[in-house]
>>> print(open('input-v9.txt').read())   # compact mmCIF, C-alpha atoms and all ligand atoms
# COMPACT_ATOMS: atom_id res chain seq x y z
CA MET D 455 63.21 113.20 80.68
CA ASN D 456 63.06 116.40 82.74
CA TYR D 457 66.05 118.30 81.37
CA ASP D 458 65.81 121.20 83.82
CA ARG D 459 66.09 118.80 86.74
CA LEU D 460 68.88 116.98 84.92
CA LYS D 461 70.78 120.24 84.50
CA ASP D 462 70.48 120.89 88.23
CA LYS D 463 71.78 117.43 89.03
CA LEU D 464 74.63 117.85 86.59
CA ALA D 465 75.66 121.13 88.22
CA ILE D 466 75.76 119.50 91.66
CA LEU D 467 77.34 116.21 90.70
CA ALA D 468 79.94 117.57 88.29
CA ASP D 469 80.99 120.12 90.90
CA ALA D 470 81.29 117.43 93.57
CA ALA D 471 83.53 115.36 91.29
CA LYS D 472 86.08 118.05 90.54
CA TYR D 473 88.39 117.23 93.44
CA ASP D 474 89.12 113.83 92.05
CA VAL D 475 92.21 114.22 89.89
CA SER D 476 92.56 110.64 88.74
CA CYS D 477 90.78 111.27 85.47
CA SER D 478 93.52 110.75 82.95
CA SER D 479 92.33 108.66 80.07
CA SER D 480 95.78 107.63 78.92
CA GLY D 481 96.11 103.93 78.34
CA GLY D 482 92.69 103.37 76.79
CA ASN D 483 92.69 101.62 73.43
CA ARG D 484 89.24 100.57 72.29
CA LYS D 485 88.58 100.26 68.60
CA ASN D 486 85.25 100.71 66.91
CA HIS D 487 84.81 97.30 65.30
CA ASN D 488 81.18 96.67 66.19
CA LYS D 489 79.75 99.49 64.08
CA GLY D 490 79.09 101.33 67.31
CA LEU D 491 79.79 104.89 68.34
CA GLY D 492 83.30 106.32 68.51
CA ASP D 493 86.51 104.84 69.79
CA SER D 494 89.27 105.75 72.22
CA SER D 495 92.98 105.62 71.64
CA VAL D 496 96.10 105.48 73.75
CA SER D 497 97.08 109.07 73.15
CA GLY D 498 93.57 110.12 72.97
CA ILE D 499 91.52 112.41 75.01
CA CYS D 500 91.66 116.19 74.80
CA HIS D 501 91.84 117.66 78.25
CA SER D 502 90.19 120.75 79.54
CA TYR D 503 90.60 122.34 82.93
CA THR D 504 88.43 123.82 85.62
CA GLU D 505 89.14 127.20 87.06
CA ASP D 506 91.42 125.70 89.68
CA GLY D 507 93.43 123.90 87.06
CA ARG D 508 92.10 120.40 87.46
CA CYS D 509 91.55 118.10 84.55
CA VAL D 510 87.96 117.63 83.41
CA SER D 511 88.57 116.07 80.05
CA LEU D 512 85.91 113.45 80.42
CA LEU D 513 82.32 113.78 81.48
CA LYS D 514 83.40 113.70 85.07
CA ILE D 515 80.53 113.25 87.49
CA LEU D 516 79.42 111.54 90.63
CA PHE D 517 76.49 109.19 90.35
CA THR D 518 75.35 110.66 93.64
CA ASN D 519 76.78 112.86 96.36
CA HIS D 520 74.61 111.23 99.02
CA CYS D 521 76.90 109.25 101.26
CA ILE D 522 76.51 107.10 104.32
CA TYR D 523 80.10 107.86 105.36
CA ASP D 524 81.46 110.97 107.02
CA CYS D 525 85.05 111.36 105.83
CA ALA D 526 86.21 114.72 107.15
CA TYR D 527 88.00 115.80 103.95
CA CYS D 528 85.08 115.15 101.59
CA THR D 529 82.41 117.59 100.48
CA SER D 530 79.97 114.68 100.07
CA ARG D 531 80.31 113.56 103.68
CA ARG D 532 76.96 112.96 105.34
CA SER D 533 77.32 115.74 107.91
CA HIS D 534 78.07 118.42 105.31
CA ASP D 535 75.21 120.76 104.60
CA THR D 536 75.26 120.78 100.81
CA PRO D 537 72.73 120.33 98.00
CA ARG D 538 72.35 116.62 97.24
CA ALA D 539 71.38 114.83 94.06
CA ALA D 540 71.47 111.41 92.47
CA PHE D 541 71.29 110.40 88.84
CA THR D 542 69.46 107.38 87.56
CA VAL D 543 71.35 104.89 85.42
CA GLU D 544 69.35 106.01 82.38
CA GLU D 545 70.26 109.66 82.98
CA VAL D 546 74.00 109.00 83.11
CA VAL D 547 73.81 106.84 80.00
CA ASP D 548 71.79 109.46 78.16
CA LEU D 549 74.08 112.32 79.19
CA THR D 550 77.16 110.40 78.11
CA MET D 551 75.71 109.57 74.71
CA GLN D 552 74.40 113.10 74.14
CA PHE D 553 77.70 114.73 75.07
CA TYR D 554 79.71 112.22 73.09
CA ARG D 555 77.62 112.69 69.96
CA ARG D 556 78.13 116.44 70.24
CA ASN D 557 81.86 115.88 70.58
CA TYR D 558 81.99 117.56 73.99
CA ILE D 559 83.61 114.56 75.61
CA GLU D 560 85.53 111.49 74.70
CA GLY D 561 84.55 109.37 77.62
CA LEU D 562 83.05 109.08 81.04
CA PHE D 563 84.63 109.31 84.45
CA LEU D 564 82.09 108.08 86.96
CA SER D 565 82.56 108.12 90.69
CA SER D 566 80.03 108.14 93.49
CA GLY D 567 79.21 108.69 97.10
CA ILE D 568 78.03 105.54 98.78
CA PHE D 569 74.29 105.38 99.22
CA LYS D 570 72.53 102.54 101.00
CA SER D 571 75.47 100.14 100.69
CA PRO D 572 78.65 99.58 98.68
CA ASP D 573 76.95 96.87 96.59
CA TYR D 574 73.88 98.99 95.91
CA THR D 575 76.10 101.81 94.64
CA MET D 576 78.55 99.66 92.72
CA GLU D 577 75.75 97.81 90.99
CA ARG D 578 74.49 101.10 89.54
CA LEU D 579 77.93 102.15 88.33
CA VAL D 580 78.35 98.79 86.63
CA ARG D 581 74.91 99.08 85.02
CA VAL D 582 75.86 102.43 83.50
CA ALA D 583 78.99 100.98 81.92
CA LYS D 584 77.21 97.81 80.81
CA GLU D 585 74.34 99.67 79.15
CA LEU D 586 76.72 102.02 77.38
CA ARG D 587 78.75 99.14 76.00
CA THR D 588 76.07 96.57 75.25
CA ILE D 589 72.95 98.56 74.38
CA HIS D 590 74.49 101.71 72.91
CA LYS D 591 77.70 100.12 71.62
CA PHE D 592 79.67 102.98 73.11
CA ASN D 593 83.39 102.63 72.46
CA GLY D 594 84.57 105.77 74.22
CA TYR D 595 86.66 105.65 77.34
CA ILE D 596 85.04 104.65 80.63
CA HIS D 597 86.74 105.09 83.99
CA LEU D 598 84.77 103.73 86.94
CA LYS D 599 85.53 104.33 90.56
CA THR D 600 85.15 101.13 92.51
CA ILE D 601 83.42 101.19 95.85
CA PRO D 602 85.38 99.64 98.71
CA GLY D 603 83.30 96.89 100.28
CA ALA D 604 81.49 95.99 97.04
CA SER D 605 81.32 92.28 96.24
CA ASP D 606 83.96 90.55 94.14
CA GLU D 607 81.28 89.64 91.59
CA LEU D 608 80.50 93.29 90.93
CA MET D 609 84.20 94.14 90.74
CA GLN D 610 84.66 91.37 88.22
CA GLU D 611 81.76 92.59 86.11
CA ALA D 612 82.91 96.23 86.25
CA GLY D 613 86.21 95.37 84.61
CA LEU D 614 84.47 93.83 81.62
CA TYR D 615 82.98 97.19 80.63
CA ALA D 616 85.34 99.83 82.02
CA ASP D 617 88.68 100.73 80.50
CA ARG D 618 90.06 101.69 83.86
CA LEU D 619 89.02 100.99 87.44
CA SER D 620 90.26 102.84 90.43
CA VAL D 621 89.89 102.79 94.15
CA ASN D 622 90.98 105.95 95.87
CA MET D 623 93.05 105.39 98.99
CA GLU D 624 92.71 109.14 99.65
CA ILE D 625 94.60 109.30 102.95
CA PRO D 626 98.03 107.66 102.65
CA THR D 627 98.59 106.58 106.24
CA LYS D 628 96.56 104.33 108.52
CA SER D 629 96.75 106.87 111.33
CA GLY D 630 95.60 109.67 109.02
CA LEU D 631 92.66 107.61 107.80
CA ALA D 632 91.74 106.70 111.38
CA LEU D 633 91.73 110.39 112.23
CA LEU D 634 89.75 111.69 109.26
CA ALA D 635 87.66 108.71 108.21
CA PRO D 636 87.35 106.43 111.24
CA GLU D 637 84.59 104.37 109.60
CA LYS D 638 87.05 103.27 106.92
CA ASN D 639 89.88 100.79 107.07
CA HIS D 640 93.06 100.87 104.99
CA ASP D 641 93.09 97.14 104.44
CA ASP D 642 89.47 97.11 103.23
CA MET D 643 90.44 99.65 100.62
CA LYS D 644 93.23 97.47 99.32
CA ALA D 645 90.94 94.47 98.83
CA PRO D 646 89.34 95.73 95.58
CA MET D 647 92.81 96.44 94.18
CA LYS D 648 93.78 92.86 94.79
CA THR D 649 90.59 91.58 93.14
CA VAL D 650 91.16 93.74 90.08
CA GLN D 651 94.79 92.72 89.82
CA GLU D 652 93.90 89.03 90.02
CA GLN D 653 91.20 89.41 87.38
CA ILE D 654 93.60 91.20 85.03
CA VAL D 655 95.95 88.22 85.28
CA VAL D 656 93.13 85.68 84.80
CA PHE D 657 91.78 87.41 81.72
CA LYS D 658 95.25 87.88 80.23
CA GLU D 659 95.83 84.16 80.57
CA SER D 660 92.50 83.29 79.03
CA ARG D 661 93.25 85.56 76.06
CA LYS D 662 96.38 83.54 75.43
CA GLN D 663 94.17 80.45 75.09
CA HIS D 664 91.20 82.09 73.37
CA LYS D 665 91.84 85.03 71.09
CA HIS D 666 88.30 86.34 71.51
CA ALA D 667 88.15 86.17 75.28
CA PRO D 668 87.12 89.60 76.62
CA LYS D 669 89.63 92.12 77.92
CA TYR D 670 89.41 93.03 81.58
CA THR D 671 89.95 96.70 82.46
CA PRO D 672 92.46 97.13 79.61
CA ALA D 673 93.80 100.49 80.86
CA GLY D 674 94.52 98.97 84.27
CA GLN D 675 93.81 100.37 87.70
CA SER D 676 94.83 103.51 89.52
CA THR D 677 94.48 105.23 92.87
CA GLN D 678 94.67 108.71 94.33
CA PHE D 679 96.22 110.18 97.47
CA ILE D 680 95.17 113.44 99.03
CA VAL D 681 98.31 115.31 100.02
CA GLY D 682 98.45 117.67 102.97
CA ALA D 683 95.16 116.88 104.71
CA THR D 684 97.11 115.00 107.38
CA LYS D 685 100.72 115.10 108.56
CA GLU D 686 102.08 112.32 106.38
CA THR D 687 105.62 112.70 105.01
CA ASP D 688 106.53 112.56 101.33
CA LEU D 689 108.59 109.47 102.06
CA GLN D 690 105.52 107.70 103.46
CA ILE D 691 103.56 108.65 100.36
CA ILE D 692 106.11 107.53 97.79
CA ARG D 693 106.86 104.33 99.72
CA LEU D 694 103.18 103.50 99.56
CA SER D 695 103.04 104.36 95.86
CA SER D 696 106.03 102.13 95.22
CA HIS D 697 104.34 99.35 97.17
CA PHE D 698 101.16 99.70 95.11
CA TYR D 699 103.02 99.74 91.79
CA LYS D 700 104.84 96.58 92.74
CA GLN D 701 102.13 94.76 94.67
CA TYR D 702 99.05 95.59 92.62
CA ASP D 703 100.58 96.48 89.29
CA LEU D 704 98.91 99.89 89.33
CA LYS D 705 99.10 101.99 86.18
CA ARG D 706 99.04 105.31 87.95
CA VAL D 707 99.02 106.87 91.38
CA TYR D 708 97.58 110.38 91.39
CA TYR D 709 98.43 113.00 93.98
CA SER D 710 95.95 115.69 94.86
CA GLY D 711 96.96 118.63 97.01
CA TYR D 712 94.28 119.06 99.66
CA VAL D 713 91.98 121.99 98.93
CA PRO D 714 90.66 123.31 102.27
CA MET D 715 86.91 123.63 101.72
CA LEU D 716 85.51 122.44 105.02
CA THR D 717 85.77 123.66 108.57
CA ASP D 718 86.97 120.86 110.81
CA SER D 719 89.51 121.03 113.62
CA ARG D 720 91.21 117.90 112.22
CA LEU D 721 91.91 119.59 108.88
CA PRO D 722 94.04 122.51 107.65
CA ALA D 723 92.03 125.72 108.04
CA ILE D 724 90.15 127.21 105.10
CA GLY D 725 92.52 129.58 103.34
CA THR D 726 95.58 127.37 103.88
CA PRO D 727 97.37 127.32 100.51
CA VAL D 728 96.88 124.21 98.39
CA PRO D 729 100.27 122.42 98.35
CA MET D 730 100.64 122.60 94.58
CA VAL D 731 104.45 122.55 94.48
CA ARG D 732 104.51 119.55 96.79
CA GLU D 733 101.98 117.82 94.56
CA ASN D 734 104.17 118.52 91.55
CA ARG D 735 107.30 117.21 93.29
CA LEU D 736 105.44 114.02 94.19
CA TYR D 737 104.56 113.48 90.53
CA GLN D 738 108.23 113.98 89.66
CA ALA D 739 109.28 111.48 92.33
CA ASP D 740 106.66 109.06 91.04
CA TRP D 741 108.10 109.46 87.54
CA LEU D 742 111.57 108.64 88.86
CA MET D 743 110.29 105.40 90.38
CA ARG D 744 108.35 104.35 87.28
CA PHE D 745 110.78 105.29 84.52
CA TYR D 746 114.21 106.06 85.96
CA GLY D 747 114.87 103.06 88.17
CA PHE D 748 114.84 104.93 91.50
CA GLU D 749 113.64 103.31 94.70
CA ALA D 750 111.57 105.40 97.11
CA GLU D 751 114.36 105.32 99.72
CA GLU D 752 116.89 106.67 97.23
CA ILE D 753 114.68 109.64 96.45
CA LEU D 754 114.25 110.50 100.12
CA PRO D 755 116.46 109.43 103.01
CA SER D 756 114.57 108.53 106.19
CA ASP D 757 116.22 111.37 108.14
CA SER D 758 114.94 113.94 105.61
CA PRO D 759 111.53 112.65 104.54
CA PHE D 760 110.18 115.67 102.63
CA LEU D 761 110.89 116.56 99.01
CA ASP D 762 112.93 119.68 98.35
CA LEU D 763 110.50 122.29 97.07
CA ASP D 764 113.33 124.32 95.51
CA CYS D 765 114.50 121.68 93.09
CA ASP D 766 113.17 118.58 91.43
CA PRO D 767 113.85 115.23 93.12
CA LYS D 768 116.39 114.06 90.55
CA LEU D 769 118.47 117.20 90.91
CA ALA D 770 118.12 116.95 94.69
CA TRP D 771 119.36 113.34 94.58
CA ALA D 772 122.32 114.29 92.38
CA ILE D 773 123.27 117.16 94.72
CA ARG D 774 123.15 114.80 97.72
CA HIS D 775 125.26 112.24 95.87
CA ARG D 776 128.00 114.40 94.49
CA GLN D 777 130.38 111.45 94.83
CA HIS D 778 128.71 109.78 91.81
CA PHE D 779 129.54 112.73 89.54
CA PRO D 780 130.79 113.69 87.05
CA VAL D 781 129.52 110.79 84.95
CA ASN D 782 131.58 109.85 81.93
CA ILE D 783 129.04 110.25 79.18
CA GLN D 784 131.10 108.14 76.80
CA THR D 785 131.30 105.02 78.95
CA ALA D 786 128.75 105.10 81.78
CA PRO D 787 125.90 102.57 81.76
CA TYR D 788 122.42 103.73 80.70
CA LYS D 789 121.07 103.46 84.26
CA MET D 790 123.61 106.08 85.40
CA ILE D 791 123.20 108.36 82.40
CA VAL D 792 119.49 108.54 83.03
CA ARG D 793 120.20 109.79 86.54
CA ILE D 794 122.03 112.87 85.30
CA PRO D 795 119.90 115.98 85.91
CA GLY D 796 118.79 117.44 82.59
CA ILE D 797 118.88 114.11 80.76
CA GLY D 798 115.64 112.21 80.28
CA THR D 799 115.06 108.64 79.19
CA ARG D 800 114.79 109.44 75.48
CA THR D 801 117.97 111.50 75.47
CA ALA D 802 119.79 108.82 77.48
CA LYS D 803 118.87 106.22 74.85
CA LYS D 804 120.09 108.51 72.07
CA ILE D 805 123.38 109.04 73.94
CA VAL D 806 123.98 105.33 74.33
CA THR D 807 123.44 104.84 70.60
CA ALA D 808 125.31 107.91 69.34
CA ARG D 809 128.43 107.43 71.45
CA LYS D 810 129.24 104.24 69.56
CA PHE D 811 129.99 106.39 66.53
CA THR D 812 131.47 109.61 67.90
CA THR D 813 132.92 111.39 70.89
CA LEU D 814 130.05 113.41 72.30
CA THR D 815 130.17 117.17 72.95
CA LEU D 816 127.77 119.51 74.75
CA ASP D 817 126.38 120.53 71.36
CA HIS D 818 125.60 116.90 70.59
CA LEU D 819 123.79 116.57 73.91
CA LYS D 820 121.83 119.73 73.24
CA GLN D 821 120.75 118.44 69.85
CA MET D 822 119.61 115.23 71.49
CA GLY D 823 117.33 117.17 73.82
CA ALA D 824 119.41 117.41 77.02
CA ALA D 825 118.97 120.46 79.26
CA VAL D 826 122.68 121.22 79.17
CA ASN D 827 122.48 124.20 81.54
CA ARG D 828 121.78 121.59 84.19
CA ALA D 829 123.53 118.51 82.83
CA LYS D 830 126.89 120.25 82.34
CA TYR D 831 127.61 120.17 86.09
CA PHE D 832 127.20 116.43 86.27
CA ILE D 833 128.93 115.02 83.19
CA ALA D 834 132.49 114.45 82.13
CA LEU D 835 133.27 115.08 78.50
CA ARG D 836 136.63 113.70 77.38
CA GLY D 837 137.05 112.61 81.00
CA ARG D 838 136.78 116.12 82.55
CA ASN D 839 134.27 118.56 83.97
CA GLU D 840 135.57 122.11 84.14
CA HIS D 841 132.41 123.42 85.81
CA LEU D 842 133.08 121.41 88.94
CA VAL D 843 136.63 122.56 89.56
CA HIS D 844 135.73 125.46 91.88
CA LEU D 845 132.79 123.82 93.62
CA THR D 846 132.98 122.27 97.05
CA GLN D 847 130.46 120.06 98.81
CA ASP D 848 129.29 123.16 100.68
CA ASN D 849 128.66 125.55 97.83
CA PHE D 850 127.57 122.91 95.30
CA ARG D 851 123.82 123.01 96.00
CA GLN D 852 123.65 126.77 96.24
CA TYR D 853 125.58 127.29 93.02
CA ILE D 854 123.70 124.69 90.99
CA LEU D 855 120.33 126.03 92.11
CA ALA D 856 121.32 129.59 91.29
CA GLN D 857 122.49 128.57 87.82
CA THR D 858 119.60 126.30 86.91
CA GLN D 859 116.64 128.17 88.36
CA THR D 860 113.45 127.64 86.44
CA LYS D 861 111.73 130.60 84.85
CA PHE D 862 108.51 129.47 86.58
CA LYS D 863 109.99 129.90 90.07
CA ASP D 864 108.02 132.98 91.01
CA GLU D 865 104.68 131.42 90.08
CA ARG D 866 105.12 128.29 92.08
CA HIS D 867 103.10 129.21 95.16
CA GLY D 868 99.84 129.91 93.41
CA GLN D 869 97.42 128.01 91.26
CA LEU D 870 97.21 129.27 87.70
CA THR D 871 94.08 131.11 86.75
CA LEU D 872 92.70 130.01 83.44
CA PHE D 873 89.60 132.16 83.29
S1 LIG N 901 83.02 107.43 101.30
FE1 LIG N 901 83.77 108.65 99.60
S2 LIG N 901 82.07 109.97 99.01
FE2 LIG N 901 81.60 109.16 101.05
S3 LIG N 901 82.33 110.72 102.47
FE3 LIG N 901 83.98 109.23 102.23
S4 LIG N 901 85.27 110.04 100.54
FE4 LIG N 901 83.28 111.11 100.48
>>> encode(input="input-v9.txt", output="structure tokens")
Amino acid sequence: MNYDRLKDKLAILADAAKYDVSCSSSGGNRKNHNKGLGDSSVSGICHSYTEDGRCVSLLKILFTNHCIYDCAYCTSRRSHDTPRAAFTVEEVVDLTMQFYRRNYIEGLFLSSGIFKSPDYTMERLVRVAKELRTIHKFNGYIHLKTIPGASDELMQEAGLYADRLSVNMEIPTKSGLALLAPEKNHDDMKAPMKTVQEQIVVFKESRKQHKHAPKYTPAGQSTQFIVGATKETDLQIIRLSSHFYKQYDLKRVYYSGYVPMLTDSRLPAIGTPVPMVRENRLYQADWLMRFYGFEAEEILPSDSPFLDLDCDPKLAWAIRHRQHFPVNIQTAPYKMIVRIPGIGTRTAKKIVTARKFTTLTLDHLKQMGAAVNRAKYFIALRGRNEHLVHLTQDNFRQYILAQTQTKFKDERHGQLTLF
């Protein structure tokens, strides 16, 4: 193997992969019971970060950055003048094994531009995963990007070897996709998600009948949205996320603030700040939908479809719905307690248990992990809330924000520098 050439390819194809943020390995659980190499666990992978703060915990590469498509937002698009490279299946397998043995990585995140055809590309991605699992008995984490338009057979095979599969929607709205990637079609991109979801169900059923039936993509499927490349609203994004969680049983939706790297009149100009705070707020809204019982329309009303950048979406919801507060901490149902700003799901569970035995105080809540500087405006202890007495609907938001401002406020507009 020509290692100098391989190093060159690695530099190109690792760099091209860095804008894909959907590389979390959480959810993988593959034990080493075939006397193979390594294993991966649910809590597992150590993460490291590139200079711009993005996660590169896995060997995160493209198979190739050649592409027959010309999506405006993508550095691999065919019209972009950039160095190109393509690995062979053997090279990716060898790199993964070499890095894994040296403990540099705990798994592989493999995406690709589309060369020749979706099937031609997908077949190579599947071969990498298959060879790692069957020839090298590799038990580390494997995340494969699926290629929209690839055949169902290849999608089915991919899930037998990968822990997670994902298809990136990239642009959340149909109109945005038509503007920036007119060769693509939203519905075509949903088709692989449906195939994967159906296969997960089929294999789950067969494992009920046959204990040794194989698992199919055990860490589930995910997708990614680019945020800020087009004029979509936050409400459109979180509605779509909600739809995908419900319709396709997705494990994660990732949000990636658009990094202006390319000159194109359809895109934000180079130098436009990356919308990092917006990205963070979308993750918080996503969390509310997945773990706190919020619907997308509760988080954002249709007449105000952007997330408040000054406060997190739960606090923003509570400020808009002052009529629901203060909440009686001693008697309110769990689903309301968990909506109190400053109280998370774990603390809410502790409250529901502890209040059976005692009358709770702010000190109790603090010990249970509540952020009382925030929660104290929204709860009633012994039936009262003295903090609310002097607050009106008009000064409520202003006062709460002033009193609960995060210490990170001044850093919010920039990306952290790690090097
Ligand atoms: S198909 Fe994928 S790799 Fe190709 S230009 Fe579009 S986003 Fe980039």
>>> atom_distance(input="input-v9.txt", atom1="atom CA of D:Glu637", atom2="atom CA of D:Asp524")
7.7 Å
>>> closest_residue(input="input-v9.txt", among="D:Val656, D:Ala683, D:Leu467, D:Ala770", to="D:Val728", atoms="only C-alpha atoms")
D:Ala683
>>> residues_around(input="input-v9.txt", residues="stretch 562-566 of chain D", least_positions_apart="6", cutoff="7 Å", atoms="only C-alpha atoms", output="number ranges by chain")
D: 477, 512-519, 550, 595-599
>>> residues_near_point(input="input-v9.txt", point="(97.1, 100.4, 91.6)", cutoff="9 Å", atoms="all atoms listed in the file", output="list in words")
Ser620, Val621, Met647, Lys648, Gln651, Gly674, Gln675, Ser676, Thr677, Ser695, Phe698, Tyr699, Lys700, Gln701, Tyr702, Asp703, Leu704, Lys705, Arg706 and Val707 of chain D
>>> residues_near_ligand(input="input-v9.txt", ligand="ligand LIG 901 (chain N)", cutoff="8 Å", atoms="all atoms listed in the file", output="number ranges by chain")
D: 519-532, 566-568, 624, 635
>>> atom_distance(input="input-v9.txt", atom1="atom CA of D:Gln821", atom2="atom CA of D:Leu835")
15.6 Å
>>> atom_distance(input="input-v9.txt", atom1="atom CA of D:Gln653", atom2="atom CA of D:Tyr709")
25.5 Å
>>> closest_atom_pairs(input="input-v9.txt", of="stretch 646-712 of chain D", to="stretch 753-769 of chain D", cutoff="6 Å", atoms="only C-alpha atoms", output="tab-separated table")
residue	atom	partner	partner_atom	distance
D:Thr687	CA	D:Pro759	CA	5.9
D:Asp688	CA	D:Phe760	CA	5.0
D:Leu689	CA	D:Pro759	CA	5.0
>>> closest_residue(input="input-v9.txt", among="D:Phe779, D:Tyr712, D:Tyr558, D:Tyr574", to="D:Tyr473", atoms="all atoms listed in the file")
D:Tyr712
>>> residues_around(input="input-v9.txt", residues="D:His640", least_positions_apart="3", cutoff="7 Å", atoms="all atoms listed in the file", output="ChimeraX atom specification")
/D:628,643-644
>>> residues_around(input="input-v9.txt", residues="D:Glu607", least_positions_apart="2", cutoff="10 Å", atoms="only C-alpha atoms", output="PyMOL selection string")
chain D and resi 573+577+604-605+609-612+649
>>> write_last_selection(input="input-v9.txt", atoms="C-alpha atoms", output="PDB file, keeping the file's coordinate frame")
ATOM      1  CA  ASP D 573      76.950  96.870  96.590  1.00  0.00           C
ATOM      2  CA  GLU D 577      75.750  97.810  90.990  1.00  0.00           C
ATOM      3  CA  ALA D 604      81.490  95.990  97.040  1.00  0.00           C
ATOM      4  CA  SER D 605      81.320  92.280  96.240  1.00  0.00           C
ATOM      5  CA  MET D 609      84.200  94.140  90.740  1.00  0.00           C
ATOM      6  CA  GLN D 610      84.660  91.370  88.220  1.00  0.00           C
ATOM      7  CA  GLU D 611      81.760  92.590  86.110  1.00  0.00           C
ATOM      8  CA  ALA D 612      82.910  96.230  86.250  1.00  0.00           C
ATOM      9  CA  THR D 649      90.590  91.580  93.140  1.00  0.00           C
TER      10      THR D 649
END
>>> closest_residue(input="input-v9.txt", among="D:Ala750, D:Leu842, D:Ala824, D:Leu742", to="D:Arg793", atoms="all atoms listed in the file")
D:Leu742
>>> closest_residue(input="input-v9.txt", among="D:Leu814, D:Val546, D:Ile794, D:Leu614", to="D:His775", atoms="only C-alpha atoms")
D:Ile794
>>> closest_residue(input="input-v9.txt", among="D:Gly682, D:Pro537, D:Pro780, D:Gly747", to="D:Pro729", atoms="all atoms listed in the file")
D:Gly682
>>> residues_around(input="input-v9.txt", residues="D:Ala583", least_positions_apart="2", cutoff="8 Å", atoms="only C-alpha atoms", output="PDB file with C-alpha atoms, keeping the file's coordinate frame")
ATOM      1  CA  LEU D 579      77.930 102.150  88.330  1.00  0.00           C
ATOM      2  CA  VAL D 580      78.350  98.790  86.630  1.00  0.00           C
ATOM      3  CA  ARG D 581      74.910  99.080  85.020  1.00  0.00           C
ATOM      4  CA  GLU D 585      74.340  99.670  79.150  1.00  0.00           C
ATOM      5  CA  LEU D 586      76.720 102.020  77.380  1.00  0.00           C
ATOM      6  CA  ARG D 587      78.750  99.140  76.000  1.00  0.00           C
ATOM      7  CA  ILE D 596      85.040 104.650  80.630  1.00  0.00           C
ATOM      8  CA  ALA D 612      82.910  96.230  86.250  1.00  0.00           C
ATOM      9  CA  TYR D 615      82.980  97.190  80.630  1.00  0.00           C
ATOM     10  CA  ALA D 616      85.340  99.830  82.020  1.00  0.00           C
TER      11      ALA D 616
END
>>> residues_around(input="input-v9.txt", residues="D:Phe832", least_positions_apart="4", cutoff="10 Å", atoms="all atoms listed in the file", output="mmCIF file with C-alpha atoms, in the coordinates of the input")
data_model
loop_
_atom_site.group_PDB
_atom_site.id
_atom_site.type_symbol
_atom_site.label_atom_id
_atom_site.label_comp_id
_atom_site.auth_asym_id
_atom_site.auth_seq_id
_atom_site.Cartn_x
_atom_site.Cartn_y
_atom_site.Cartn_z
ATOM 1 C CA LEU D 769 118.470 117.200 90.910
ATOM 2 C CA ALA D 772 122.320 114.290 92.380
ATOM 3 C CA ILE D 773 123.270 117.160 94.720
ATOM 4 C CA ARG D 776 128.000 114.400 94.490
ATOM 5 C CA HIS D 778 128.710 109.780 91.810
ATOM 6 C CA PHE D 779 129.540 112.730 89.540
ATOM 7 C CA PRO D 780 130.790 113.690 87.050
ATOM 8 C CA VAL D 781 129.520 110.790 84.950
ATOM 9 C CA ASN D 782 131.580 109.850 81.930
ATOM 10 C CA ILE D 783 129.040 110.250 79.180
ATOM 11 C CA ILE D 791 123.200 108.360 82.400
ATOM 12 C CA ARG D 793 120.200 109.790 86.540
ATOM 13 C CA ILE D 794 122.030 112.870 85.300
ATOM 14 C CA PRO D 795 119.900 115.980 85.910
ATOM 15 C CA GLY D 796 118.790 117.440 82.590
ATOM 16 C CA VAL D 826 122.680 121.220 79.170
ATOM 17 C CA ARG D 828 121.780 121.590 84.190
ATOM 18 C CA ASN D 839 134.270 118.560 83.970
ATOM 19 C CA HIS D 841 132.410 123.420 85.810
ATOM 20 C CA LEU D 842 133.080 121.410 88.940
#
>>> closest_atom_pairs(input="input-v9.txt", of="stretch 545-655 of chain D", to="stretch 456-462 of chain D", cutoff="12 Å", atoms="all atoms listed in the file", output="CSV")
residue,atom,partner,partner_atom,distance
D:Glu545,CA,D:Leu460,CA,7.7
D:Val546,CA,D:Leu460,CA,9.7
D:Asp548,CA,D:Leu460,CA,10.5
D:Leu549,CA,D:Leu460,CA,9.0
>>> build_atoms(input="input-v9.txt", residues="stretch 742-746 of chain D", atoms="N, CA, C and O atoms", output="tab-separated table (two decimals), in the frame of the given file")
chain	number	residue	atom	x	y	z
D	742	LEU	N	110.23	109.23	88.66
D	742	LEU	CA	111.57	108.64	88.86
D	742	LEU	C	111.46	107.16	89.21
D	742	LEU	O	112.28	106.35	88.79
D	743	MET	N	110.44	106.82	89.99
D	743	MET	CA	110.29	105.40	90.38
D	743	MET	C	109.81	104.57	89.19
D	743	MET	O	110.24	103.44	89.00
D	744	ARG	N	108.94	105.15	88.37
D	744	ARG	CA	108.35	104.35	87.28
D	744	ARG	C	109.26	104.24	86.07
D	744	ARG	O	109.26	103.23	85.38
D	745	PHE	N	110.03	105.29	85.78
D	745	PHE	CA	110.78	105.29	84.52
D	745	PHE	C	112.29	105.43	84.66
D	745	PHE	O	113.01	105.22	83.70
D	746	TYR	N	112.77	105.78	85.83
D	746	TYR	CA	114.21	106.06	85.96
D	746	TYR	C	114.93	105.09	86.89
D	746	TYR	O	116.10	105.26	87.18
